[in-house]
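Listing of structure15.cif, mmCIF, C-alpha atoms
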```
data_coords
loop_
_atom_site.label_atom_id
_atom_site.label_comp_id
_atom_site.auth_asym_id
_atom_site.auth_seq_id
_atom_site.Cartn_x
_atom_site.Cartn_y
_atom_site.Cartn_z
CA MET A 1 16.05 -85.05 -58.92
CA LYS A 2 17.26 -87.40 -56.21
CA ARG A 3 18.88 -84.47 -54.42
CA MET A 4 15.57 -82.56 -54.48
CA TRP A 5 13.74 -85.56 -53.06
CA LYS A 6 16.29 -85.76 -50.27
CA ILE A 7 15.78 -82.09 -49.38
CA PHE A 8 12.02 -82.62 -49.40
CA VAL A 9 11.73 -85.77 -47.28
CA LYS A 10 14.08 -84.70 -44.53
CA GLY A 11 11.44 -82.29 -43.22
CA LEU A 12 8.87 -85.07 -42.87
CA VAL A 13 10.56 -87.37 -40.36
CA VAL A 14 14.35 -87.26 -40.02
CA GLU A 15 14.53 -83.50 -39.53
CA ASN A 16 10.89 -82.89 -38.67
CA PRO A 17 10.73 -79.28 -37.43
CA LEU A 18 8.45 -80.06 -34.49
CA LEU A 19 9.50 -83.53 -33.43
CA MET A 20 13.24 -83.49 -34.16
CA LEU A 21 14.35 -79.86 -34.36
CA MET A 22 11.89 -79.01 -31.56
CA ILE A 23 11.10 -75.53 -32.82
CA GLY A 24 7.75 -73.79 -33.26
CA LEU A 25 6.18 -75.77 -30.43
CA CYS A 26 3.87 -73.14 -28.88
CA SER A 27 1.54 -72.90 -31.84
CA SER A 28 1.43 -76.66 -32.26
CA VAL A 29 0.12 -77.32 -28.75
CA ALA A 30 -2.15 -74.27 -28.75
CA VAL A 31 -4.17 -74.86 -31.93
CA THR A 32 -4.34 -78.65 -32.00
CA SER A 33 -7.51 -79.05 -29.96
CA SER A 34 -9.52 -79.53 -33.17
CA VAL A 35 -8.65 -81.03 -36.54
CA SER A 36 -9.98 -78.13 -38.60
CA ASN A 37 -7.69 -75.78 -36.68
CA GLY A 38 -4.77 -78.14 -37.28
CA ILE A 39 -5.38 -78.22 -41.04
CA GLY A 40 -5.89 -74.45 -41.24
CA MET A 41 -2.79 -73.65 -39.22
CA GLY A 42 -0.67 -76.18 -41.14
CA LEU A 43 -1.68 -74.82 -44.53
CA ALA A 44 -1.33 -71.18 -43.48
CA MET A 45 2.13 -71.80 -42.11
CA THR A 46 3.17 -73.83 -45.19
CA PHE A 47 2.08 -70.97 -47.45
CA VAL A 48 4.08 -68.44 -45.44
CA ILE A 49 7.24 -70.58 -45.25
CA VAL A 50 7.20 -71.39 -49.00
CA PHE A 51 6.92 -67.77 -50.06
CA ALA A 52 9.27 -66.44 -47.39
CA GLU A 53 11.97 -68.96 -48.36
CA LEU A 54 11.43 -68.26 -52.07
CA VAL A 55 11.67 -64.47 -51.74
CA ILE A 56 14.64 -64.56 -49.41
CA SER A 57 16.48 -67.08 -51.58
CA LEU A 58 15.83 -64.92 -54.67
CA PHE A 59 17.21 -61.81 -52.98
CA ARG A 60 19.89 -63.57 -50.92
CA LYS A 61 22.75 -61.76 -52.66
CA LEU A 62 21.11 -58.35 -52.08
CA ILE A 63 20.49 -58.80 -48.37
CA PRO A 64 23.35 -57.26 -46.37
CA ASN A 65 24.52 -59.72 -43.75
CA ASP A 66 24.30 -57.26 -40.86
CA ALA A 67 20.69 -56.35 -41.54
CA ARG A 68 19.44 -59.81 -42.47
CA ILE A 69 17.30 -60.58 -39.42
CA PRO A 70 15.07 -57.45 -39.68
CA ILE A 71 14.71 -58.06 -43.41
CA PHE A 72 13.66 -61.68 -42.79
CA ILE A 73 11.08 -60.48 -40.31
CA ILE A 74 9.69 -57.90 -42.75
CA VAL A 75 9.28 -60.55 -45.45
CA ILE A 76 7.73 -63.13 -43.10
CA ALA A 77 5.40 -60.56 -41.53
CA ALA A 78 4.22 -59.38 -44.95
CA PHE A 79 3.24 -62.90 -46.04
CA THR A 80 1.63 -63.68 -42.70
CA THR A 81 -0.52 -60.56 -42.93
CA MET A 82 -1.56 -61.58 -46.45
CA VAL A 83 -2.66 -64.99 -45.17
CA ASP A 84 -4.49 -63.38 -42.26
CA LEU A 85 -6.38 -60.95 -44.51
CA SER A 86 -7.25 -63.62 -47.10
CA MET A 87 -8.53 -65.97 -44.41
CA GLN A 88 -10.69 -63.24 -42.90
CA ALA A 89 -12.12 -62.50 -46.34
CA TYR A 90 -12.65 -66.01 -47.71
CA PHE A 91 -12.73 -68.35 -44.68
CA PRO A 92 -14.28 -66.19 -41.94
CA ALA A 93 -15.29 -69.15 -39.75
CA LEU A 94 -11.81 -70.69 -39.77
CA SER A 95 -10.21 -67.30 -39.21
CA LYS A 96 -12.43 -66.79 -36.16
CA SER A 97 -11.58 -70.10 -34.57
CA MET A 98 -7.83 -69.63 -35.12
CA GLY A 99 -7.93 -66.19 -33.53
CA VAL A 100 -4.58 -64.77 -32.59
CA PHE A 101 -2.53 -67.74 -33.81
CA ILE A 102 -2.48 -66.70 -37.46
CA PRO A 103 -0.73 -63.36 -36.79
CA LEU A 104 1.61 -65.28 -34.51
CA ILE A 105 2.98 -67.23 -37.51
CA VAL A 106 5.36 -64.26 -37.79
CA VAL A 107 7.23 -65.40 -34.73
CA ASN A 108 7.08 -69.11 -35.57
CA CYS A 109 10.68 -70.23 -35.11
CA ILE A 110 10.42 -72.82 -37.89
CA ILE A 111 10.14 -70.14 -40.56
CA MET A 112 12.85 -67.96 -39.07
CA GLY A 113 15.07 -71.00 -38.58
CA ARG A 114 14.71 -72.36 -42.12
CA VAL A 115 15.10 -68.93 -43.68
CA GLU A 116 18.30 -68.32 -41.73
CA ALA A 117 19.75 -71.82 -42.02
CA PHE A 118 18.67 -72.73 -45.55
CA ALA A 119 17.02 -70.13 -47.80
CA SER A 120 19.60 -67.41 -47.19
CA LYS A 121 22.31 -69.69 -48.60
CA GLU A 122 20.65 -71.93 -51.20
CA LYS A 123 19.10 -71.59 -54.65
CA PRO A 124 15.39 -70.61 -54.97
CA LEU A 125 14.18 -74.01 -56.19
CA ASP A 126 15.95 -75.86 -53.37
CA ALA A 127 14.55 -73.36 -50.88
CA VAL A 128 10.97 -73.94 -52.08
CA VAL A 129 11.41 -77.72 -51.86
CA ASP A 130 12.86 -77.38 -48.36
CA ALA A 131 9.94 -75.14 -47.36
CA LEU A 132 7.39 -77.63 -48.73
CA GLY A 133 9.02 -80.47 -46.81
CA MET A 134 9.14 -78.49 -43.56
CA GLY A 135 5.60 -77.18 -44.05
CA LEU A 136 4.23 -80.68 -44.67
CA GLY A 137 6.26 -82.04 -41.76
CA TYR A 138 4.63 -79.43 -39.55
CA THR A 139 1.16 -80.01 -41.00
CA TRP A 140 1.04 -83.80 -40.61
CA VAL A 141 2.12 -83.56 -36.99
CA LEU A 142 -0.50 -80.90 -36.25
CA ILE A 143 -3.27 -82.91 -37.91
CA GLY A 144 -2.17 -86.10 -36.15
CA ILE A 145 -2.07 -84.51 -32.71
CA ALA A 146 -5.33 -82.67 -33.33
CA ALA A 147 -7.12 -85.83 -34.50
CA LEU A 148 -6.16 -87.75 -31.37
CA ARG A 149 -7.01 -84.84 -29.06
CA GLU A 150 -10.33 -84.05 -30.72
CA LEU A 151 -11.37 -87.71 -30.81
CA LEU A 152 -10.59 -88.43 -27.17
CA GLY A 153 -11.26 -84.98 -25.74
CA ASN A 154 -14.47 -84.16 -27.58
CA GLY A 155 -15.58 -87.41 -29.23
CA THR A 156 -15.62 -85.80 -32.68
CA LEU A 157 -13.49 -85.56 -35.82
CA LEU A 158 -13.75 -82.40 -37.93
CA GLY A 159 -16.81 -81.56 -35.83
CA ALA A 160 -18.67 -84.79 -36.73
CA ARG A 161 -19.48 -87.15 -33.87
CA ILE A 162 -17.45 -90.37 -34.16
CA MET A 163 -17.60 -91.87 -30.70
CA PRO A 164 -20.84 -93.50 -29.51
CA GLU A 165 -23.22 -91.39 -27.42
CA ALA A 166 -22.21 -93.27 -24.26
CA PHE A 167 -18.59 -92.13 -24.63
CA GLN A 168 -17.78 -89.52 -22.03
CA PRO A 169 -15.21 -87.12 -23.57
CA ILE A 170 -11.92 -87.05 -21.68
CA LEU A 171 -11.48 -83.30 -21.22
CA PHE A 172 -7.85 -83.84 -20.22
CA PHE A 173 -6.89 -84.24 -23.88
CA THR A 174 -8.40 -80.90 -24.87
CA LEU A 175 -6.51 -79.07 -22.13
CA PRO A 176 -2.81 -78.11 -22.41
CA PRO A 177 -1.49 -81.02 -20.23
CA GLY A 178 -3.14 -83.51 -22.57
CA GLY A 179 -1.65 -81.63 -25.48
CA PHE A 180 1.82 -82.05 -24.07
CA MET A 181 1.25 -85.74 -23.45
CA VAL A 182 0.03 -86.41 -27.00
CA PHE A 183 2.94 -84.34 -28.26
CA ALA A 184 5.36 -86.55 -26.34
CA LEU A 185 3.74 -89.66 -27.85
CA PHE A 186 4.31 -88.22 -31.32
CA ILE A 187 7.97 -87.53 -30.52
CA SER A 188 8.50 -91.17 -29.58
CA LEU A 189 6.59 -92.34 -32.65
CA ASN A 190 8.78 -90.14 -34.80
CA LEU A 191 11.99 -91.43 -33.19
CA TRP A 192 10.85 -94.98 -33.95
CA LEU A 193 10.08 -94.01 -37.57
CA LYS A 194 13.45 -92.29 -37.91
CA LYS A 195 15.26 -95.35 -36.61
CA LYS A 196 13.47 -97.55 -39.16
CA ILE A 197 14.31 -95.15 -41.98
CA THR A 198 17.99 -94.65 -41.12
CA ASN A 199 18.46 -98.39 -40.49
CA GLY A 200 16.89 -99.13 -43.87
CA ALA A 201 19.21 -96.66 -45.55
CA ALA A 202 22.25 -98.17 -43.82
CA VAL A 203 21.27 -101.67 -44.96
CA ARG A 204 20.80 -100.45 -48.54
CA GLU A 205 24.17 -98.76 -48.52
CA ALA A 206 25.90 -101.87 -47.17
CA ALA A 207 24.35 -104.10 -49.84
CA MET B 1 31.27 -47.10 -40.72
CA LYS B 2 29.00 -44.24 -41.68
CA LYS B 3 28.71 -45.55 -45.21
CA ASP B 4 27.86 -48.96 -43.83
CA ILE B 5 24.94 -47.69 -41.76
CA LEU B 6 23.58 -45.85 -44.77
CA ARG B 7 23.86 -48.97 -46.93
CA LEU B 8 22.06 -51.12 -44.37
CA GLY B 9 19.39 -48.48 -43.88
CA ILE B 10 18.70 -48.20 -47.59
CA ALA B 11 18.51 -51.99 -48.00
CA LEU B 12 16.09 -52.24 -45.11
CA ALA B 13 13.97 -49.38 -46.43
CA LEU B 14 13.77 -50.96 -49.87
CA PHE B 15 12.58 -54.31 -48.49
CA ALA B 16 10.05 -52.55 -46.26
CA ALA B 17 8.75 -50.55 -49.20
CA GLY B 18 8.37 -53.71 -51.28
CA ALA B 19 6.49 -55.46 -48.48
CA CYS B 20 4.27 -52.39 -48.04
CA ALA B 21 3.33 -52.31 -51.70
CA ALA B 22 2.46 -56.02 -51.71
CA LEU B 23 0.36 -55.66 -48.56
CA ALA B 24 -1.46 -52.63 -49.94
CA VAL B 25 -2.55 -54.69 -52.94
CA VAL B 26 -3.81 -57.59 -50.79
CA TYR B 27 -5.57 -55.21 -48.42
CA THR B 28 -7.37 -53.43 -51.26
CA VAL B 29 -8.56 -56.74 -52.67
CA THR B 30 -9.73 -58.30 -49.40
CA GLY B 31 -10.86 -55.15 -47.53
CA PRO B 32 -14.39 -54.84 -48.97
CA THR B 33 -15.08 -58.58 -48.53
CA ILE B 34 -14.01 -58.49 -44.88
CA ALA B 35 -16.12 -55.40 -44.15
CA GLY B 36 -19.04 -57.05 -45.96
CA HIS B 37 -18.78 -60.18 -43.80
CA GLU B 38 -18.80 -58.12 -40.63
CA ARG B 39 -21.82 -56.08 -41.73
CA GLU B 40 -23.74 -59.17 -42.79
CA GLN B 41 -23.00 -60.94 -39.55
CA LEU B 42 -24.10 -57.93 -37.52
CA GLN B 43 -27.32 -57.46 -39.47
CA ALA B 44 -28.13 -61.17 -39.16
CA SER B 45 -27.53 -61.09 -35.40
CA LEU B 46 -29.61 -57.94 -34.92
CA LYS B 47 -32.47 -59.47 -36.90
CA ASP B 48 -32.08 -62.61 -34.81
CA LEU B 49 -32.53 -60.67 -31.55
CA PHE B 50 -35.45 -58.59 -32.78
CA PRO B 51 -37.23 -60.63 -35.47
CA ASP B 52 -40.17 -58.17 -35.54
CA ALA B 53 -38.07 -55.08 -36.17
CA ASP B 54 -37.99 -53.60 -39.66
CA GLY B 55 -35.02 -51.31 -39.16
CA PHE B 56 -32.00 -50.75 -36.99
CA VAL B 57 -30.65 -47.26 -36.33
CA GLU B 58 -27.19 -46.86 -34.91
CA ILE B 59 -27.15 -44.80 -31.72
CA ASP B 60 -24.00 -42.76 -31.65
CA GLY B 61 -22.12 -42.66 -28.42
CA SER B 62 -24.97 -41.99 -26.05
CA ILE B 63 -24.78 -45.41 -24.39
CA ARG B 64 -21.74 -45.95 -22.21
CA SER B 65 -20.85 -48.64 -19.76
CA SER B 66 -21.09 -47.72 -16.08
CA VAL B 67 -18.66 -50.37 -14.81
CA PRO B 68 -14.93 -50.54 -15.63
CA ASP B 69 -14.89 -54.24 -16.63
CA VAL B 70 -17.38 -53.94 -19.48
CA THR B 71 -16.93 -51.77 -22.58
CA VAL B 72 -19.82 -50.83 -24.85
CA LEU B 73 -18.64 -51.03 -28.46
CA GLY B 74 -21.80 -50.02 -30.26
CA SER B 75 -25.54 -49.79 -29.92
CA TRP B 76 -28.55 -49.92 -32.22
CA LYS B 77 -32.19 -49.02 -31.79
CA ALA B 78 -34.57 -51.66 -33.10
CA ALA B 79 -37.64 -50.03 -34.57
CA ARG B 80 -40.83 -51.16 -36.24
CA GLY B 81 -42.36 -48.19 -38.00
CA ASP B 82 -42.33 -45.40 -35.42
CA ALA B 83 -42.32 -47.66 -32.39
CA THR B 84 -39.16 -48.59 -30.56
CA LEU B 85 -38.94 -52.30 -29.85
CA GLY B 86 -35.74 -52.21 -27.91
CA VAL B 87 -32.06 -51.60 -28.09
CA ALA B 88 -29.20 -53.88 -29.07
CA ILE B 89 -25.84 -53.38 -27.42
CA ARG B 90 -22.50 -54.78 -28.53
CA ALA B 91 -20.19 -54.95 -25.55
CA SER B 92 -16.99 -56.68 -24.53
CA ALA B 93 -15.37 -57.85 -21.32
CA SER B 94 -12.15 -59.65 -20.57
CA SER B 95 -12.69 -63.42 -20.50
CA TYR B 96 -10.55 -66.55 -20.19
CA GLY B 97 -8.93 -66.47 -23.64
CA GLY B 98 -8.92 -62.72 -24.29
CA ASP B 99 -11.78 -60.31 -24.86
CA ALA B 100 -15.25 -61.71 -25.35
CA VAL B 101 -17.76 -59.72 -27.40
CA MET B 102 -21.51 -60.16 -27.11
CA LEU B 103 -24.57 -58.63 -28.71
CA VAL B 104 -27.36 -58.19 -26.20
CA GLY B 105 -30.90 -57.11 -26.99
CA VAL B 106 -32.92 -55.25 -24.37
CA ALA B 107 -36.66 -54.95 -24.90
CA THR B 108 -38.84 -52.06 -23.77
CA ASP B 109 -40.43 -54.26 -21.09
CA ARG B 110 -37.07 -54.28 -19.28
CA ARG B 111 -36.32 -57.81 -20.25
CA ILE B 112 -33.35 -59.24 -22.14
CA ALA B 113 -34.63 -59.95 -25.65
CA GLY B 114 -31.71 -62.23 -26.30
CA ALA B 115 -27.95 -62.52 -26.11
CA ARG B 116 -25.47 -63.78 -28.68
CA VAL B 117 -21.76 -64.41 -28.30
CA MET B 118 -19.99 -62.73 -31.24
CA THR B 119 -16.30 -63.26 -30.46
CA LEU B 120 -14.84 -65.68 -27.97
CA SER B 121 -11.51 -67.45 -28.08
CA ASP B 122 -11.65 -70.12 -25.45
CA THR B 123 -10.83 -73.74 -24.77
CA PRO B 124 -12.84 -76.14 -26.96
CA GLY B 125 -14.89 -78.47 -24.80
CA LEU B 126 -14.89 -75.98 -21.93
CA GLY B 127 -15.39 -72.24 -22.27
CA ALA B 128 -15.99 -72.49 -26.01
CA ASN B 129 -19.21 -74.33 -25.15
CA ALA B 130 -20.68 -70.83 -24.75
CA THR B 131 -20.93 -70.72 -28.55
CA ASN B 132 -21.72 -74.42 -29.05
CA PRO B 133 -25.34 -74.67 -30.25
CA SER B 134 -25.63 -78.22 -28.87
CA TYR B 135 -24.29 -77.49 -25.39
CA PHE B 136 -27.26 -77.08 -23.09
CA VAL B 137 -27.23 -75.69 -19.56
CA ASP B 138 -30.76 -77.06 -19.27
CA LYS B 139 -30.86 -80.32 -21.19
CA ALA B 140 -34.62 -80.80 -20.85
CA ALA B 141 -35.53 -77.34 -22.21
CA LYS B 142 -32.55 -77.28 -24.65
CA THR B 143 -31.38 -73.91 -23.39
CA THR B 144 -27.88 -72.88 -24.44
CA PHE B 145 -25.67 -70.76 -22.18
CA PRO B 146 -26.45 -67.43 -23.91
CA GLY B 147 -30.00 -68.68 -24.50
CA GLN B 148 -30.77 -68.71 -20.78
CA PHE B 149 -30.69 -64.89 -20.71
CA SER B 150 -33.66 -64.51 -23.06
CA GLY B 151 -36.64 -63.12 -21.21
CA LYS B 152 -34.67 -62.43 -18.04
CA SER B 153 -35.51 -59.19 -16.24
CA VAL B 154 -32.70 -56.62 -16.23
CA LEU B 155 -33.36 -56.13 -12.51
CA ASP B 156 -32.32 -59.71 -11.72
CA GLU B 157 -29.14 -60.44 -9.83
CA PHE B 158 -27.11 -61.96 -12.69
CA GLU B 159 -25.01 -63.98 -10.31
CA VAL B 160 -23.30 -67.08 -11.76
CA LYS B 161 -24.38 -70.28 -9.97
CA LYS B 162 -27.38 -68.45 -8.45
CA ASP B 163 -29.70 -67.22 -11.15
CA VAL B 164 -27.31 -67.98 -14.04
CA VAL B 165 -26.25 -71.54 -14.82
CA ALA B 166 -22.49 -71.72 -15.39
CA ILE B 167 -20.74 -73.64 -18.16
CA SER B 168 -19.19 -76.61 -16.37
CA ALA B 169 -15.56 -76.00 -15.37
CA SER B 170 -15.54 -72.54 -16.99
CA THR B 171 -16.37 -70.11 -14.24
CA ILE B 172 -14.26 -67.26 -15.63
CA THR B 173 -15.94 -67.39 -19.02
CA SER B 174 -19.39 -67.74 -17.47
CA LYS B 175 -18.81 -64.75 -15.19
CA ALA B 176 -17.38 -62.57 -17.96
CA LEU B 177 -20.28 -63.25 -20.32
CA THR B 178 -22.82 -62.75 -17.56
CA SER B 179 -21.26 -59.41 -16.61
CA ILE B 180 -21.64 -58.25 -20.22
CA VAL B 181 -25.33 -59.18 -20.32
CA LYS B 182 -25.97 -57.58 -16.93
CA GLU B 183 -24.31 -54.30 -17.84
CA ALA B 184 -25.90 -54.20 -21.30
CA GLY B 185 -29.28 -54.80 -19.67
CA ALA B 186 -28.74 -52.00 -17.17
CA VAL B 187 -27.55 -49.31 -19.59
CA GLY B 188 -29.90 -50.48 -22.33
CA SER B 189 -33.00 -50.21 -20.18
CA ALA B 190 -31.83 -46.85 -18.83
CA TRP B 191 -31.49 -45.55 -22.38
CA LEU B 192 -34.91 -46.89 -23.33
CA GLU B 193 -36.42 -45.23 -20.26
CA ALA B 194 -35.03 -41.89 -21.35
CA ASN B 195 -35.49 -42.11 -25.11
CA ALA B 196 -38.10 -44.66 -26.13
CA SER B 197 -41.07 -42.99 -27.69
CA GLY B 198 -44.21 -44.97 -28.37
CA GLY B 199 -42.83 -48.07 -26.70
CA SER B 200 -44.95 -50.20 -24.43
CA ARG B 201 -43.79 -49.40 -20.95
#
```
Go ahead and render the structure in this file as structure tokens.
Amino acid sequence: MKRMWKIFVKGLVVENPLLMLMIGLCSSVAVTSSVSNGIGMGLAMTFVIVFAELVISLFRKLIPNDARIPIFIIVIAAFTTMVDLSMQAYFPALSKSMGVFIPLIVVNCIIMGRVEAFASKEKPLDAVVDALGMGLGYTWVLIGIAALRELLGNGTLLGARIMPEAFQPILFFTLPPGGFMVFALFISLNLWLKKKITNGAAVREAA
Amino acid sequence: MKKDILRLGIALALFAAGACAALAVVYTVTGPTIAGHEREQLQASLKDLFPDADGFVEIDGSIRSSVPDVTVLGSWKAARGDATLGVAIRASASSYGGDAVMLVGVATDRRIAGARVMTLSDTPGLGANATNPSYFVDKAAKTTFPGQFSGKSVLDEFEVKKDVVAISASTITSKALTSIVKEAGAVGSAWLEANASGGSR
């Protein structure tokens, strides 16, 4: 149980895919101009990574080593297309505002990276737990960045006006440069968090 | 070596077949719902442009764009009984964040009955204000960006920053959308000229 928990939490801060491993960055800057996009993208990507890791872990002994990358891509692309179709059918508004970024989950390095580094070697249950941790690690960062950018850049949260009427939205935060700046702030926040966590663990071990 | 290639090929084919089967199932389940959404949205937009019309007939292929930048994707005749009220044209042009699609209504009096942005992926707070119902190019009259085209004569200039108010800091989007309305107005009124029977000219 403790081992599972360890696999799960590492994706949140210590090995956060975006802020520590620094993979899958394009989508995170591109869709985080509004919170609803951040939530939608985070959940869609979590769904894809959980099922891709599960399937690949289940079949890991049947996947020939030399053909593993194309097989990974087939599996990831299949789940991404399922998410895309389901979103178009049941959440048309969200699907419209996410546009091309849902199909682009296929080439999200986080999924490819975790499938290659983890799911292709570990047991199915561990792989699912790893995927959930990574997916949540990705989602909280997206929502955090999106909240800050939407609040400062548009004066709203989830489309509802938060800032007073007199507040003049700072467009800079909606545009890509602002996205990069907020992203950098989150990296430093995460480094600080990681330091606290690893220091805490060291103290516990010493005691 | 040869055996190896065969083995890899078969493994790959099996995984592809499995993925195909799974996708086919999802597609069959979601397909009708997606098509339904698109139809509903189109009908609602057509009704929105021509509230007096009681039927819309698709015009097949006879309306084409005359400029290379704008593509006509579809067109419908708005009718009330036997009279033609106007024509609605769905057209696209390349905009800031990819292709923009608009539905433009042209009335028989050679005026734009209305324009709606159907698809636009653009920067929130900037170009995406084209679809924001509370972004006004004329704050006093509460006119939205596509709203300003309603009632405009198709013979107007359609020049951004002259007779069309641009979305602030989004000239590319403003120009692309304006070019769609202009072209739709031109080909739409030409079609009405040639085909409208019983319309008020």
Taking only C-alpha atoms into account and nothing else, which residues of chain A lie no more than 9 Å away from chain B? Please answer as a CSV table (one decimal) with C-alpha atoms, in the frame of the given file.
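Ended up saving to selection.csv:
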```csv
chain,number,residue,atom,x,y,z
A,33,SER,CA,-7.5,-79.0,-30.0
A,34,SER,CA,-9.5,-79.5,-33.2
A,62,LEU,CA,21.1,-58.4,-52.1
A,63,ILE,CA,20.5,-58.8,-48.4
A,64,PRO,CA,23.4,-57.3,-46.4
A,65,ASN,CA,24.5,-59.7,-43.8
A,66,ASP,CA,24.3,-57.3,-40.9
A,67,ALA,CA,20.7,-56.4,-41.5
A,68,ARG,CA,19.4,-59.8,-42.5
A,70,PRO,CA,15.1,-57.4,-39.7
A,71,ILE,CA,14.7,-58.1,-43.4
A,74,ILE,CA,9.7,-57.9,-42.8
A,75,VAL,CA,9.3,-60.6,-45.4
A,77,ALA,CA,5.4,-60.6,-41.5
A,78,ALA,CA,4.2,-59.4,-45.0
A,79,PHE,CA,3.2,-62.9,-46.0
A,81,THR,CA,-0.5,-60.6,-42.9
A,82,MET,CA,-1.6,-61.6,-46.4
A,85,LEU,CA,-6.4,-61.0,-44.5
A,86,SER,CA,-7.2,-63.6,-47.1
A,88,GLN,CA,-10.7,-63.2,-42.9
A,89,ALA,CA,-12.1,-62.5,-46.3
A,90,TYR,CA,-12.6,-66.0,-47.7
A,92,PRO,CA,-14.3,-66.2,-41.9
A,96,LYS,CA,-12.4,-66.8,-36.2
A,97,SER,CA,-11.6,-70.1,-34.6
A,98,MET,CA,-7.8,-69.6,-35.1
A,99,GLY,CA,-7.9,-66.2,-33.5
A,100,VAL,CA,-4.6,-64.8,-32.6
A,153,GLY,CA,-11.3,-85.0,-25.7
A,154,ASN,CA,-14.5,-84.2,-27.6
A,169,PRO,CA,-15.2,-87.1,-23.6
A,171,LEU,CA,-11.5,-83.3,-21.2
A,174,THR,CA,-8.4,-80.9,-24.9
A,175,LEU,CA,-6.5,-79.1,-22.1
```
> range 35-41 of chain A: which residues within 9 Å, counting all atoms listed in the file, same-chain residues fewer than 4 positions away excluded, as number ranges by chain?
Replying inline: A: 27-28, 31, 45-46, 94-95, 97-98, 101-102, 105, 139-150, 157-159
>> When you count all atoms listed in the file, which of these residues is closest to Leu192 in chain B: B:Gln43, B:Ser75, B:Thr108, B:Ser92?
In response: B:Thr108
Residues matched by the PyMOL selection byres ((chain A and resi 116-118) around 10) as a tab-separated table (two decimals) with C-alpha atoms, in the coordinates of the input:
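Wrote result-v3.tsv, looks like this:
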```
chain	number	residue	atom	x	y	z
A	53	GLU	CA	11.97	-68.96	-48.36
A	56	ILE	CA	14.64	-64.56	-49.41
A	57	SER	CA	16.48	-67.08	-51.58
A	68	ARG	CA	19.44	-59.81	-42.47
A	69	ILE	CA	17.30	-60.58	-39.42
A	72	PHE	CA	13.66	-61.68	-42.79
A	110	ILE	CA	10.42	-72.82	-37.89
A	111	ILE	CA	10.14	-70.14	-40.56
A	112	MET	CA	12.85	-67.96	-39.07
A	113	GLY	CA	15.07	-71.00	-38.58
A	114	ARG	CA	14.71	-72.36	-42.12
A	115	VAL	CA	15.10	-68.93	-43.68
A	119	ALA	CA	17.02	-70.13	-47.80
A	120	SER	CA	19.60	-67.41	-47.19
A	121	LYS	CA	22.31	-69.69	-48.60
A	122	GLU	CA	20.65	-71.93	-51.20
A	123	LYS	CA	19.10	-71.59	-54.65
A	126	ASP	CA	15.95	-75.86	-53.37
A	127	ALA	CA	14.55	-73.36	-50.88
A	130	ASP	CA	12.86	-77.38	-48.36
A	131	ALA	CA	9.94	-75.14	-47.36
```
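Reported to one decimal place, the separation of CA of Glu15 in chain A from CA of Met134 in chain A is 8.4 Å.
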>> Since I can't run it myself right now, could you work out what the PyMOL selection byres ((chain B and resi 66) around 12) selects here and report it as a VMD selection string?
In response: chain B and resid 63 to 65 67 to 72 91 179 to 180 182 to 188 190
> CA of Val29 in chain A and CA of Leu104 in chain A are how many Å apart?
Replying inline: 13.4 Å
> Suppose you want the space between CA of Gly11 in chain A and CA of Met87 in chain A; what is it in Å?
Replying inline: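 One can read the CA of Gly11 in chain A to CA of Met87 in chain A distance as 25.8 Å.
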> What residues come out when you apply the PyMOL selection byres ((chain B and resi 135) around 12) to this file, written as a VMD selection string?
Replying inline: chain B and resid 124 to 134 136 to 148 166 to 168
>> Under the rule that all atoms listed in the file are counted, which of A:Leu132, A:Ile187, A:Ile73, A:Leu152 is the nearest residue to Leu21 in chain A?
In response: A:Ile187
> B:Trp191, B:Phe158, B:Phe50, B:Trp76: which is nearest Arg110 in chain B, counting all atoms listed in the file?
Replying inline: B:Trp191
> Which protein, DNA or RNA residues are at most 6 Å from (-28.1, -49.7, -33.4) in the file's coordinates when you count only C-alpha atoms, listed as a ChimeraX atom specification?
Replying inline: /B:56-59,75-77
May I have the residues from that selection written out with C-alpha atoms, as a PDB file, in the frame of the given file?
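That gives us result.pdb:
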```pdb
ATOM      1  CA  PHE B  56     -32.000 -50.750 -36.990  1.00  0.00           C
ATOM      2  CA  VAL B  57     -30.650 -47.260 -36.330  1.00  0.00           C
ATOM      3  CA  GLU B  58     -27.190 -46.860 -34.910  1.00  0.00           C
ATOM      4  CA  ILE B  59     -27.150 -44.800 -31.720  1.00  0.00           C
ATOM      5  CA  SER B  75     -25.540 -49.790 -29.920  1.00  0.00           C
ATOM      6  CA  TRP B  76     -28.550 -49.920 -32.220  1.00  0.00           C
ATOM      7  CA  LYS B  77     -32.190 -49.020 -31.790  1.00  0.00           C
TER       8      LYS B  77
END
```
>> So, with only C-alpha atoms as the atoms that count, which of A:Lys2, A:Val9, A:Met20, A:Ile170 lies closest to Leu189 in chain A?
In response: A:Met20
